[in-house]
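Colleague: Got a structure for you, questions after.
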Amino acid sequence: MIQSVNSVPAFDIKQQYSTLEAEVSAAVLEVLASGRYIGGPLVEGFEKQFAAYHGVTECVACNSGTDALFLALRALNIGAGDEVITTTFTFIATAEVISAVGAKPVFVDIDDTFNIDLQQVAAAITPKTKAIIPVHLFGQPVDMTALMAIAQSHNLAVIEDCAQSTGASWGGQKVGSIGHIGCFSFYPTKNLGGCGDGGAITTNDPAIASQLRVLREHGSKVRYIHEEIGVNSRLDAIQAAILEIKLRYLDNWNERRRAIAAYYHQFLSQVSGIIIPQELAGGVGVWNQYTIRISGEGRNGATAKYRDSIRQQLQERGVSSMVYYPLPLHLQPIYQNLGYQPGSLPKAEQICHEVISLPMFPELTQAQQDQVIYALKDCLG
């Protein structure tokens with residue numbers, strides 16, 4: 001067994017901060033001295049820059065990626081009696097917001113890219129369907145050409161969940177600019193991460209943007225005059241200042257992530273018992289996660305117990321890892337009332353037993369990657 005004196009974290013946001021400390025500290029102190037902590041020119045300036053980066057006309061900042069999705073559904077008047085199709089293999093927030101507006105999440109299975117199976121999307125459409133939420137999971141874009149064709153043929157709205165994919169593109173367009181609305185998270189571990197929570201919504205529809213701004217401000221256009229039930233969901237000026245700095249570096253960081261993924265591909269594709277992540281031609285991913293599948297042990301693939309034993313062996317060799325996600329959404333306790341049974345979405349159910357997300361962040365060194373690769377070979381050899 002390889003015993004390492006060094007440890008490789010799954011992600012390390014402190015390293016990124018250390019390279020930007022002078023810029024970030026100066027910007028934060030300037031905000032503190034200004035006394036403008038909520039809204040104002042810094043937030044508005046970041047919204048314009050984020051919109052320009054994505055090639056859209058409108059950006060509405062908010063306080064989280066979850067609220068971005070919630071507000072998007074509200075702006076489209078989706079609620080009780082409506083159905084929204086989404087993937088079962090994602091974080092709970094994607095479905096949680098559908099339930100929060102009173103609509104019904106309709107889960108479909110995934111393909112080999114970990115993303116939503118578009119054939120199943122088409123099959124799941126009913127007269128009650130009002131929208132589709134594709135998730136560009138782990139930074140890999142969904143085939144938006146095919147998805148938009150499905151949506152347009154049924155007059156459905158498309159809300160892109162871009163929480164893990166800021167900077168990714170499909171067919172030369174940034175994700176978040178292809179559907180009717182794009183929703184982003186600035187959680188610290190995202191490709192563009194703040195120093196706290198934050199989110200944003202992109203669109204080319206000024207009417208939707210106007211409605212989003214009302215909803216995020218307690219349903220108000222004019223202070224103390226409230227036209228509808230809204231929420232308090234604002235990006236604070238300190239986060240906007242930090243994100244404005246980081247946006248300048250995003251493309252370089254994403255290129256570094258792609259280089260790290262290519263290095264993993266080169267060596268892990270030769271390791272028996274591993275299925276490396278798949279990419280679709282036509283898209284450019286940004287590798288928020290590098291997620292492999294452990295394929296060994298059983299006739300039908302790995303069990304969660306076997307996968308977890310591999311993770312434990314990696315940890316003993318100084319390599320940290322994560323599991324995204326151990327249980328698909330259709331089998332979560334909160335959604336048992338929807339009637340899904342084990343075996344109903346088999347691809348996602350099996351993959352939940354197999355996935356391991358390896359260390360992935362722009363500052364990851366080749367030596368650290370080598371440690372990850374050799375540890376995996378040692379565990380599976």
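Identifiers in the structure tokens: chain A, B, ... in order shown; residue index from 1 per chain; ligand index from 1 in order shown.
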Could you find all residues in segment 111-291 of chain A that DSSP calls strand (DSSP E or B) from the backbone, and write them as a count of residues only?
Modeller: 40
Colleague: Which polymer residues have any atom within 8 Å of an atom of Glu217 of chain A, counting only C-alpha atoms, with same-chain residues fewer than 2 positions away left out, as a ChimeraX atom specification?
Modeller: /A:213-215,219-221,230-234
Colleague: Keeping only N, CA and C atoms, write the selected residues to a file as an mmCIF file, in the first residue's frame.
Modeller:
data_model
loop_
_atom_site.group_PDB
_atom_site.id
_atom_site.type_symbol
_atom_site.label_atom_id
_atom_site.label_comp_id
_atom_site.auth_asym_id
_atom_site.auth_seq_id
_atom_site.Cartn_x
_atom_site.Cartn_y
_atom_site.Cartn_z
ATOM 1 N N ARG A 213 -36.969 41.241 -10.604
ATOM 2 C CA ARG A 213 -36.520 42.311 -9.703
ATOM 3 C C ARG A 213 -37.603 42.674 -8.698
ATOM 4 N N VAL A 214 -38.850 42.609 -9.121
ATOM 5 C CA VAL A 214 -39.950 42.853 -8.191
ATOM 6 C C VAL A 214 -40.020 41.736 -7.144
ATOM 7 N N LEU A 215 -39.940 40.503 -7.606
ATOM 8 C CA LEU A 215 -40.065 39.364 -6.699
ATOM 9 C C LEU A 215 -38.951 39.318 -5.660
ATOM 10 N N GLY A 219 -41.757 41.816 -3.602
ATOM 11 C CA GLY A 219 -42.887 42.109 -4.481
ATOM 12 C C GLY A 219 -43.125 43.588 -4.691
ATOM 13 N N SER A 220 -42.062 44.371 -4.649
ATOM 14 C CA SER A 220 -42.208 45.823 -4.667
ATOM 15 C C SER A 220 -41.387 46.475 -5.773
ATOM 16 N N LYS A 221 -42.033 47.396 -6.528
ATOM 17 C CA LYS A 221 -41.315 48.269 -7.458
ATOM 18 C C LYS A 221 -40.972 49.598 -6.782
ATOM 19 N N GLY A 230 -43.587 38.585 -2.559
ATOM 20 C CA GLY A 230 -42.228 38.335 -3.021
ATOM 21 C C GLY A 230 -41.386 37.747 -1.904
ATOM 22 N N VAL A 231 -40.085 37.886 -2.034
ATOM 23 C CA VAL A 231 -39.144 37.406 -1.024
ATOM 24 C C VAL A 231 -38.031 38.440 -0.877
ATOM 25 N N ASN A 232 -37.205 38.254 0.114
ATOM 26 C CA ASN A 232 -36.000 39.063 0.279
ATOM 27 C C ASN A 232 -34.828 38.242 -0.238
ATOM 28 N N SER A 233 -34.375 38.540 -1.444
ATOM 29 C CA SER A 233 -33.313 37.733 -2.053
ATOM 30 C C SER A 233 -32.376 38.645 -2.830
ATOM 31 N N ARG A 234 -31.417 39.221 -2.106
ATOM 32 C CA ARG A 234 -30.513 40.179 -2.734
ATOM 33 C C ARG A 234 -29.069 39.736 -2.559
#
Colleague: Between A:Ile260, A:Val271, A:Ile276, A:Cys183, which one has atoms that come closest to Gln368 of chain A, using only C-alpha atoms?
Modeller: A:Ile260
Colleague: Can you work out which one of A:Glu30, A:Glu21, A:Asp251, A:Glu160 has the shortest atom-to-atom distance to Asn191 of chain A, counting only C-alpha atoms?
Modeller: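 Of A:Glu30, A:Glu21, A:Asp251, A:Glu160, the one nearest Asn191 of chain A is A:Asp251, counting only C-alpha atoms.
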Colleague: Can you build me a table of segment 281-322 of chain A residues sitting at most 12 Å from segment 144-150 of chain A, with the closest atom pair per residue and its distance in Å to one decimal, using only C-alpha atoms, sorted by chain and residue number, as CSV?
Modeller:
residue,atom,partner,partner_atom,distance
A:Ala281,CA,A:Met144,CA,11.9
A:Gly282,CA,A:Thr145,CA,9.5
A:Gly283,CA,A:Met144,CA,9.2
Colleague: Let's have the selection written as a PDB file, in the first residue's frame, with all heavy atoms.
Modeller:
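That gives us again-v4.pdb:
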ATOM      1  N   ALA A 281     -19.847  15.662 -27.798  1.00  0.00           N
ATOM      2  CA  ALA A 281     -19.325  16.557 -28.824  1.00  0.00           C
ATOM      3  C   ALA A 281     -20.311  17.705 -29.005  1.00  0.00           C
ATOM      4  O   ALA A 281     -21.522  17.505 -28.992  1.00  0.00           O
ATOM      5  CB  ALA A 281     -19.147  15.799 -30.143  1.00  0.00           C
ATOM      6  N   GLY A 282     -19.786  18.904 -29.145  1.00  0.00           N
ATOM      7  CA  GLY A 282     -20.641  20.083 -29.286  1.00  0.00           C
ATOM      8  C   GLY A 282     -20.667  20.940 -28.048  1.00  0.00           C
ATOM      9  O   GLY A 282     -21.132  22.085 -28.087  1.00  0.00           O
ATOM     10  N   GLY A 283     -20.171  20.391 -26.948  1.00  0.00           N
ATOM     11  CA  GLY A 283     -20.151  21.145 -25.706  1.00  0.00           C
ATOM     12  C   GLY A 283     -18.741  21.354 -25.191  1.00  0.00           C
ATOM     13  O   GLY A 283     -17.828  20.597 -25.519  1.00  0.00           O
TER      14      GLY A 283
END
Colleague: Please report the interatomic distance between atom CA of Ala100 of chain A and atom CA of Ile125 of chain A in Å with one decimal.
Modeller: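 Distance reported for this atom pair: 20.7 Å.
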Colleague: Produce a table with one row for each residue of segment 281-328 of chain A that has an atom at most 9 Å from any atom of segment 76-96 of chain A, each row naming the nearest atom pair and its distance in Å at one decimal; use only C-alpha atoms; arrange rows by chain and rising residue number; format as CSV.
Modeller:
residue,atom,partner,partner_atom,distance
A:Tyr324,CA,A:Thr90,CA,7.9
A:Tyr325,CA,A:Thr90,CA,7.0
A:Leu327,CA,A:Phe89,CA,8.1
A:Pro328,CA,A:Phe89,CA,5.3
Colleague: Between atom CA of Gln164 of chain A and atom CA of Arg257 of chain A, what is the spacing in Å?
Modeller: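 Value for the atom CA of Arg257 of chain A-atom CA of Gln164 of chain A distance: 12.8 Å.
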Colleague: So which residues of segment 71-113 of chain A fall under helix (DSSP H, G or I) by DSSP, listed as a list in words?
Modeller: Leu71, Ala72, Leu73, Arg74, Ala75, Ala93, Thr94, Ala95, Glu96, Val97, Ile98, Ser99 and Ala100 of chain A
Colleague: Take the residues from that selection and put them in a file with all heavy atoms, as a PDB file, in the first residue's frame.
Modeller:
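To be explicit, this is the file written out as again.pdb:
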ATOM      1  N   LEU A  71     -37.130  31.899  -7.970  1.00  0.00           N
ATOM      2  CA  LEU A  71     -37.613  33.138  -8.572  1.00  0.00           C
ATOM      3  C   LEU A  71     -37.926  32.951 -10.054  1.00  0.00           C
ATOM      4  O   LEU A  71     -38.876  33.547 -10.578  1.00  0.00           O
ATOM      5  CB  LEU A  71     -36.581  34.246  -8.381  1.00  0.00           C
ATOM      6  CG  LEU A  71     -36.387  34.733  -6.934  1.00  0.00           C
ATOM      7  CD1 LEU A  71     -35.153  35.609  -6.825  1.00  0.00           C
ATOM      8  CD2 LEU A  71     -37.624  35.476  -6.443  1.00  0.00           C
ATOM      9  N   ALA A  72     -37.130  32.129 -10.737  1.00  0.00           N
ATOM     10  CA  ALA A  72     -37.392  31.858 -12.147  1.00  0.00           C
ATOM     11  C   ALA A  72     -38.767  31.214 -12.333  1.00  0.00           C
ATOM     12  O   ALA A  72     -39.540  31.598 -13.224  1.00  0.00           O
ATOM     13  CB  ALA A  72     -36.300  30.972 -12.716  1.00  0.00           C
ATOM     14  N   LEU A  73     -39.072  30.224 -11.518  1.00  0.00           N
ATOM     15  CA  LEU A  73     -40.376  29.573 -11.591  1.00  0.00           C
ATOM     16  C   LEU A  73     -41.504  30.554 -11.276  1.00  0.00           C
ATOM     17  O   LEU A  73     -42.541  30.563 -11.947  1.00  0.00           O
ATOM     18  CB  LEU A  73     -40.422  28.385 -10.636  1.00  0.00           C
ATOM     19  CG  LEU A  73     -39.578  27.172 -11.027  1.00  0.00           C
ATOM     20  CD1 LEU A  73     -39.419  26.221  -9.848  1.00  0.00           C
ATOM     21  CD2 LEU A  73     -40.178  26.437 -12.218  1.00  0.00           C
ATOM     22  N   ARG A  74     -41.297  31.383 -10.271  1.00  0.00           N
ATOM     23  CA  ARG A  74     -42.305  32.391  -9.916  1.00  0.00           C
ATOM     24  C   ARG A  74     -42.528  33.377 -11.062  1.00  0.00           C
ATOM     25  O   ARG A  74     -43.667  33.760 -11.368  1.00  0.00           O
ATOM     26  CB  ARG A  74     -41.869  33.150  -8.660  1.00  0.00           C
ATOM     27  CG  ARG A  74     -41.979  32.386  -7.352  1.00  0.00           C
ATOM     28  CD  ARG A  74     -43.432  32.260  -6.881  1.00  0.00           C
ATOM     29  NE  ARG A  74     -44.134  33.534  -6.912  1.00  0.00           N
ATOM     30  CZ  ARG A  74     -44.084  34.471  -5.945  1.00  0.00           C
ATOM     31  NH1 ARG A  74     -43.356  34.253  -4.843  1.00  0.00           N
ATOM     32  NH2 ARG A  74     -44.778  35.587  -6.049  1.00  0.00           N
ATOM     33  N   ALA A  75     -41.430  33.803 -11.692  1.00  0.00           N
ATOM     34  CA  ALA A  75     -41.549  34.779 -12.780  1.00  0.00           C
ATOM     35  C   ALA A  75     -42.307  34.216 -13.977  1.00  0.00           C
ATOM     36  O   ALA A  75     -42.922  34.969 -14.745  1.00  0.00           O
ATOM     37  CB  ALA A  75     -40.167  35.252 -13.213  1.00  0.00           C
ATOM     38  N   ALA A  93     -32.025  21.021  -4.379  1.00  0.00           N
ATOM     39  CA  ALA A  93     -32.530  22.364  -4.678  1.00  0.00           C
ATOM     40  C   ALA A  93     -33.292  22.412  -5.988  1.00  0.00           C
ATOM     41  O   ALA A  93     -34.287  23.147  -6.110  1.00  0.00           O
ATOM     42  CB  ALA A  93     -31.379  23.366  -4.707  1.00  0.00           C
ATOM     43  N   THR A  94     -32.847  21.653  -6.983  1.00  0.00           N
ATOM     44  CA  THR A  94     -33.486  21.689  -8.299  1.00  0.00           C
ATOM     45  C   THR A  94     -34.948  21.284  -8.211  1.00  0.00           C
ATOM     46  O   THR A  94     -35.807  21.877  -8.879  1.00  0.00           O
ATOM     47  CB  THR A  94     -32.743  20.766  -9.283  1.00  0.00           C
ATOM     48  OG1 THR A  94     -31.347  21.048  -9.239  1.00  0.00           O
ATOM     49  CG2 THR A  94     -33.252  20.957 -10.700  1.00  0.00           C
ATOM     50  N   ALA A  95     -35.245  20.287  -7.420  1.00  0.00           N
ATOM     51  CA  ALA A  95     -36.630  19.827  -7.257  1.00  0.00           C
ATOM     52  C   ALA A  95     -37.351  20.562  -6.139  1.00  0.00           C
ATOM     53  O   ALA A  95     -38.569  20.793  -6.220  1.00  0.00           O
ATOM     54  CB  ALA A  95     -36.639  18.328  -6.976  1.00  0.00           C
ATOM     55  N   GLU A  96     -36.615  20.923  -5.112  1.00  0.00           N
ATOM     56  CA  GLU A  96     -37.183  21.596  -3.948  1.00  0.00           C
ATOM     57  C   GLU A  96     -37.961  22.849  -4.344  1.00  0.00           C
ATOM     58  O   GLU A  96     -39.045  23.121  -3.831  1.00  0.00           O
ATOM     59  CB  GLU A  96     -36.026  21.956  -3.019  1.00  0.00           C
ATOM     60  CG  GLU A  96     -36.357  22.488  -1.663  1.00  0.00           C
ATOM     61  CD  GLU A  96     -35.067  22.693  -0.884  1.00  0.00           C
ATOM     62  OE1 GLU A  96     -34.090  23.231  -1.444  1.00  0.00           O
ATOM     63  OE2 GLU A  96     -35.046  22.316   0.302  1.00  0.00           O
ATOM     64  N   VAL A  97     -37.403  23.606  -5.293  1.00  0.00           N
ATOM     65  CA  VAL A  97     -38.043  24.853  -5.695  1.00  0.00           C
ATOM     66  C   VAL A  97     -39.331  24.595  -6.474  1.00  0.00           C
ATOM     67  O   VAL A  97     -40.272  25.395  -6.406  1.00  0.00           O
ATOM     68  CB  VAL A  97     -37.085  25.727  -6.524  1.00  0.00           C
ATOM     69  CG1 VAL A  97     -35.902  26.172  -5.669  1.00  0.00           C
ATOM     70  CG2 VAL A  97     -36.582  25.000  -7.772  1.00  0.00           C
ATOM     71  N   ILE A  98     -39.378  23.488  -7.211  1.00  0.00           N
ATOM     72  CA  ILE A  98     -40.611  23.122  -7.921  1.00  0.00           C
ATOM     73  C   ILE A  98     -41.717  22.884  -6.897  1.00  0.00           C
ATOM     74  O   ILE A  98     -42.842  23.391  -7.039  1.00  0.00           O
ATOM     75  CB  ILE A  98     -40.384  21.883  -8.799  1.00  0.00           C
ATOM     76  CG1 ILE A  98     -39.294  22.143  -9.831  1.00  0.00           C
ATOM     77  CG2 ILE A  98     -41.697  21.466  -9.479  1.00  0.00           C
ATOM     78  CD1 ILE A  98     -38.840  20.889 -10.583  1.00  0.00           C
ATOM     79  N   SER A  99     -41.390  22.139  -5.867  1.00  0.00           N
ATOM     80  CA  SER A  99     -42.362  21.889  -4.798  1.00  0.00           C
ATOM     81  C   SER A  99     -42.718  23.178  -4.065  1.00  0.00           C
ATOM     82  O   SER A  99     -43.868  23.387  -3.677  1.00  0.00           O
ATOM     83  CB  SER A  99     -41.792  20.872  -3.816  1.00  0.00           C
ATOM     84  OG  SER A  99     -41.480  19.654  -4.457  1.00  0.00           O
ATOM     85  N   ALA A 100     -41.735  24.058  -3.880  1.00  0.00           N
ATOM     86  CA  ALA A 100     -41.954  25.290  -3.113  1.00  0.00           C
ATOM     87  C   ALA A 100     -42.952  26.228  -3.778  1.00  0.00           C
ATOM     88  O   ALA A 100     -43.647  26.989  -3.089  1.00  0.00           O
ATOM     89  CB  ALA A 100     -40.631  26.014  -2.896  1.00  0.00           C
TER      90      ALA A 100
END
Colleague: Rounded to one decimal in Å, what is the spacing between atom CA of Met322 of chain A and atom CA of Phe184 of chain A?
Modeller: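 Between these atoms lies a distance of 21.6 Å.
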Colleague: Out of A:Thr113, A:Gly198, A:Gln313, A:Pro188, which residue has the shortest atom-to-atom distance to Asp378 of chain A when counting only C-alpha atoms?
Modeller: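 So, comparing all the options, the nearest one is A:Gln313.
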Colleague: Between A:Tyr263, A:Phe138, A:Phe186, A:Tyr306, which one has atoms that come closest to Thr291 of chain A, using only C-alpha atoms?
Modeller: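 Result for the nearest residue to Thr291 of chain A: A:Phe138.
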Colleague: Counting only C-alpha atoms, what is within 12 Å of His154 of chain A, bar same-chain residues fewer than 5 positions away, as an MDAnalysis selection string?
Modeller: chainID A and resid 121:132 147:149
Colleague: Pick from A:Thr203, A:Gln266, A:Ser272, A:Ser321: nearest to Asp370 of chain A, with only C-alpha atoms counted?
Modeller: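 For Asp370 of chain A, the nearest of the candidates is A:Gln266.
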Colleague: Tell me which protein, DNA and RNA residues are within 10 Å of Pro359 of chain A, counting only C-alpha atoms, leaving out same-chain ones fewer than 3 positions away, and put them as a list in words.
Modeller: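 Listed by chain and then number, they are Val8, Pro9, Ala10, Phe11, Asp12, Ile260, Gln289, Tyr290, Thr291, Val319, Ser320, Ser321, Met322, Ile356, Leu364, Gln368, Gln369 and Val372 of chain A.
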Colleague: Quick one: write out the picked residues with N, CA, C and O atoms as a PDB file, in the first residue's frame?
Modeller:
ATOM      1  N   VAL A   8      -4.372  15.188  -0.182  1.00  0.00           N
ATOM      2  CA  VAL A   8      -4.930  15.905  -1.320  1.00  0.00           C
ATOM      3  C   VAL A   8      -6.395  16.164  -1.010  1.00  0.00           C
ATOM      4  O   VAL A   8      -7.195  15.228  -0.947  1.00  0.00           O
ATOM      5  N   PRO A   9      -6.782  17.428  -0.820  1.00  0.00           N
ATOM      6  CA  PRO A   9      -8.178  17.710  -0.496  1.00  0.00           C
ATOM      7  C   PRO A   9      -9.073  17.577  -1.718  1.00  0.00           C
ATOM      8  O   PRO A   9      -8.614  17.678  -2.867  1.00  0.00           O
ATOM      9  N   ALA A  10     -10.346  17.363  -1.492  1.00  0.00           N
ATOM     10  CA  ALA A  10     -11.294  17.302  -2.601  1.00  0.00           C
ATOM     11  C   ALA A  10     -11.398  18.650  -3.296  1.00  0.00           C
ATOM     12  O   ALA A  10     -11.556  18.734  -4.514  1.00  0.00           O
ATOM     13  N   PHE A  11     -11.319  19.713  -2.527  1.00  0.00           N
ATOM     14  CA  PHE A  11     -11.240  21.077  -3.070  1.00  0.00           C
ATOM     15  C   PHE A  11     -10.546  21.941  -2.021  1.00  0.00           C
ATOM     16  O   PHE A  11     -10.510  21.601  -0.832  1.00  0.00           O
ATOM     17  N   ASP A  12      -9.977  23.048  -2.476  1.00  0.00           N
ATOM     18  CA  ASP A  12      -9.215  23.915  -1.579  1.00  0.00           C
ATOM     19  C   ASP A  12      -9.443  25.360  -1.992  1.00  0.00           C
ATOM     20  O   ASP A  12      -8.756  25.895  -2.857  1.00  0.00           O
ATOM     21  N   ILE A 260      -6.669  19.711 -16.106  1.00  0.00           N
ATOM     22  CA  ILE A 260      -6.649  18.698 -15.044  1.00  0.00           C
ATOM     23  C   ILE A 260      -7.497  17.500 -15.446  1.00  0.00           C
ATOM     24  O   ILE A 260      -7.092  16.337 -15.278  1.00  0.00           O
ATOM     25  N   GLN A 289     -16.801  19.256 -11.101  1.00  0.00           N
ATOM     26  CA  GLN A 289     -16.390  18.004 -10.474  1.00  0.00           C
ATOM     27  C   GLN A 289     -15.804  17.076 -11.539  1.00  0.00           C
ATOM     28  O   GLN A 289     -16.223  17.122 -12.693  1.00  0.00           O
ATOM     29  N   TYR A 290     -14.855  16.261 -11.126  1.00  0.00           N
ATOM     30  CA  TYR A 290     -14.387  15.166 -11.981  1.00  0.00           C
ATOM     31  C   TYR A 290     -14.861  13.883 -11.313  1.00  0.00           C
ATOM     32  O   TYR A 290     -14.323  13.452 -10.288  1.00  0.00           O
ATOM     33  N   THR A 291     -15.906  13.303 -11.886  1.00  0.00           N
ATOM     34  CA  THR A 291     -16.612  12.200 -11.237  1.00  0.00           C
ATOM     35  C   THR A 291     -16.447  10.913 -12.033  1.00  0.00           C
ATOM     36  O   THR A 291     -16.893  10.814 -13.176  1.00  0.00           O
ATOM     37  N   VAL A 319      -5.919  10.772   0.057  1.00  0.00           N
ATOM     38  CA  VAL A 319      -6.717  11.358  -1.017  1.00  0.00           C
ATOM     39  C   VAL A 319      -8.172  11.486  -0.561  1.00  0.00           C
ATOM     40  O   VAL A 319      -8.836  10.485  -0.287  1.00  0.00           O
ATOM     41  N   SER A 320      -8.651  12.728  -0.501  1.00  0.00           N
ATOM     42  CA  SER A 320     -10.045  12.967  -0.149  1.00  0.00           C
ATOM     43  C   SER A 320     -10.920  12.879  -1.394  1.00  0.00           C
ATOM     44  O   SER A 320     -10.456  13.130  -2.509  1.00  0.00           O
ATOM     45  N   SER A 321     -12.168  12.541  -1.205  1.00  0.00           N
ATOM     46  CA  SER A 321     -13.117  12.453  -2.315  1.00  0.00           C
ATOM     47  C   SER A 321     -14.509  12.758  -1.796  1.00  0.00           C
ATOM     48  O   SER A 321     -14.723  12.874  -0.592  1.00  0.00           O
ATOM     49  N   MET A 322     -15.446  12.894  -2.723  1.00  0.00           N
ATOM     50  CA  MET A 322     -16.830  13.182  -2.358  1.00  0.00           C
ATOM     51  C   MET A 322     -17.757  12.254  -3.140  1.00  0.00           C
ATOM     52  O   MET A 322     -17.361  11.692  -4.173  1.00  0.00           O
ATOM     53  N   ILE A 356     -17.674   8.506  -7.574  1.00  0.00           N
ATOM     54  CA  ILE A 356     -16.697   9.134  -6.682  1.00  0.00           C
ATOM     55  C   ILE A 356     -16.186  10.386  -7.385  1.00  0.00           C
ATOM     56  O   ILE A 356     -15.693  10.308  -8.519  1.00  0.00           O
ATOM     57  N   LEU A 364      -4.915  22.616  -8.220  1.00  0.00           N
ATOM     58  CA  LEU A 364      -4.441  21.238  -8.044  1.00  0.00           C
ATOM     59  C   LEU A 364      -3.170  21.023  -8.865  1.00  0.00           C
ATOM     60  O   LEU A 364      -3.134  21.318 -10.061  1.00  0.00           O
ATOM     61  N   GLN A 368      -0.056  16.330  -7.093  1.00  0.00           N
ATOM     62  CA  GLN A 368      -1.245  15.899  -6.363  1.00  0.00           C
ATOM     63  C   GLN A 368      -2.098  14.975  -7.223  1.00  0.00           C
ATOM     64  O   GLN A 368      -2.622  13.973  -6.732  1.00  0.00           O
ATOM     65  N   GLN A 369      -2.233  15.307  -8.506  1.00  0.00           N
ATOM     66  CA  GLN A 369      -2.979  14.408  -9.400  1.00  0.00           C
ATOM     67  C   GLN A 369      -2.316  13.044  -9.495  1.00  0.00           C
ATOM     68  O   GLN A 369      -3.000  12.005  -9.490  1.00  0.00           O
ATOM     69  N   VAL A 372      -3.296  11.025  -6.604  1.00  0.00           N
ATOM     70  CA  VAL A 372      -4.658  10.511  -6.747  1.00  0.00           C
ATOM     71  C   VAL A 372      -4.663   9.295  -7.670  1.00  0.00           C
ATOM     72  O   VAL A 372      -5.257   8.250  -7.359  1.00  0.00           O
TER      73      VAL A 372
END
Colleague: Let me make sure I understand: among A:Leu376, A:Cys59, A:Val222, A:Glu227, which one has the smallest atom-to-atom distance to Gln312 of chain A if we use only C-alpha atoms?
Modeller: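 Closest residue, counting only C-alpha atoms: A:Leu376.
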Colleague: So that I can see what lies close to segment 235-249 of chain A, please list as a list in words the residues with an atom at most 8 Å from it, counting only C-alpha atoms and leaving out residues fewer than 6 positions away in the same chain.
Modeller: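 Surrounding residues, per the criterion: Glu23, Val24, Ala27, Val28, Val31, Leu32, Arg36, Tyr37, Ile38, Gly39, Gly40, Leu42, Val43, Phe46, Gln49, Phe50, Ala61, Cys62, Asn63, Leu192, Gly193, Gly194, Cys195, Gly196, Gly198 and Gly199 of chain A.
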Colleague: Would you output that residue set with N, CA and C atoms, as a tab-separated table (two decimals), in the first residue's frame?
Modeller:
chain	number	residue	atom	x	y	z
A	23	GLU	N	-6.23	41.97	-3.84
A	23	GLU	CA	-7.35	42.56	-4.59
A	23	GLU	C	-8.66	42.47	-3.82
A	24	VAL	N	-8.92	41.30	-3.27
A	24	VAL	CA	-10.18	41.08	-2.56
A	24	VAL	C	-10.24	41.93	-1.30
A	27	ALA	N	-10.96	45.54	-2.13
A	27	ALA	CA	-12.34	45.74	-2.58
A	27	ALA	C	-13.32	45.66	-1.42
A	28	VAL	N	-13.12	44.71	-0.52
A	28	VAL	CA	-14.02	44.54	0.63
A	28	VAL	C	-13.93	45.75	1.55
A	31	VAL	N	-15.85	48.62	0.14
A	31	VAL	CA	-17.29	48.48	0.37
A	31	VAL	C	-17.64	48.85	1.80
A	32	LEU	N	-16.88	48.34	2.75
A	32	LEU	CA	-17.16	48.63	4.16
A	32	LEU	C	-17.10	50.12	4.44
A	36	ARG	N	-22.46	51.34	1.68
A	36	ARG	CA	-23.46	50.80	0.75
A	36	ARG	C	-23.32	49.29	0.70
A	37	TYR	N	-24.03	48.59	1.56
A	37	TYR	CA	-23.85	47.16	1.71
A	37	TYR	C	-24.88	46.33	0.95
A	38	ILE	N	-26.03	46.92	0.67
A	38	ILE	CA	-27.11	46.21	-0.02
A	38	ILE	C	-27.43	46.96	-1.31
A	39	GLY	N	-27.39	46.27	-2.45
A	39	GLY	CA	-27.68	46.91	-3.73
A	39	GLY	C	-26.64	47.94	-4.10
A	40	GLY	N	-27.03	48.88	-4.92
A	40	GLY	CA	-26.13	49.96	-5.29
A	40	GLY	C	-25.31	49.66	-6.52
A	42	LEU	N	-22.21	48.70	-7.13
A	42	LEU	CA	-21.38	47.50	-7.24
A	42	LEU	C	-22.19	46.30	-7.71
A	43	VAL	N	-23.36	46.11	-7.14
A	43	VAL	CA	-24.22	45.00	-7.55
A	43	VAL	C	-24.68	45.20	-8.98
A	46	PHE	N	-21.82	44.46	-11.36
A	46	PHE	CA	-21.57	43.03	-11.53
A	46	PHE	C	-22.64	42.40	-12.41
A	49	GLN	N	-21.79	43.05	-15.98
A	49	GLN	CA	-20.63	42.28	-16.44
A	49	GLN	C	-20.98	40.81	-16.61
A	50	PHE	N	-21.78	40.27	-15.70
A	50	PHE	CA	-22.16	38.86	-15.78
A	50	PHE	C	-23.06	38.63	-17.00
A	61	ALA	N	-29.23	39.63	-9.95
A	61	ALA	CA	-28.52	38.95	-8.87
A	61	ALA	C	-29.47	38.66	-7.72
A	62	CYS	N	-29.18	37.58	-6.99
A	62	CYS	CA	-30.00	37.21	-5.84
A	62	CYS	C	-29.10	36.54	-4.81
A	63	ASN	N	-29.70	35.96	-3.76
A	63	ASN	CA	-28.85	35.53	-2.65
A	63	ASN	C	-28.43	34.07	-2.67
A	192	LEU	N	-17.23	29.85	-10.27
A	192	LEU	CA	-17.20	31.25	-9.87
A	192	LEU	C	-17.86	31.32	-8.51
A	193	GLY	N	-17.05	31.28	-7.46
A	193	GLY	CA	-17.57	31.20	-6.11
A	193	GLY	C	-17.27	32.46	-5.32
A	194	GLY	N	-18.22	32.88	-4.53
A	194	GLY	CA	-18.02	34.03	-3.65
A	194	GLY	C	-17.43	33.60	-2.32
A	195	CYS	N	-17.52	34.50	-1.36
A	195	CYS	CA	-17.09	34.20	0.01
A	195	CYS	C	-18.33	34.14	0.90
A	196	GLY	N	-19.30	33.39	0.44
A	196	GLY	CA	-20.59	33.27	1.08
A	196	GLY	C	-21.59	32.84	0.03
A	198	GLY	N	-24.65	33.30	-2.79
A	198	GLY	CA	-25.01	34.26	-3.83
A	198	GLY	C	-25.51	33.53	-5.04
A	199	GLY	N	-26.26	34.24	-5.88
A	199	GLY	CA	-26.78	33.63	-7.09
A	199	GLY	C	-27.13	34.69	-8.11
Colleague: Extract, using only C-alpha atoms, all DNA, RNA and protein residues at most 7 Å from Ala375 of chain A, discarding same-chain residues fewer than 2 positions from it, and format them as a list in words.
Modeller: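 Answer for this query is Ile2, Leu314, Arg317, Gln371, Val372, Ile373, Lys377, Asp378 and Cys379 of chain A.
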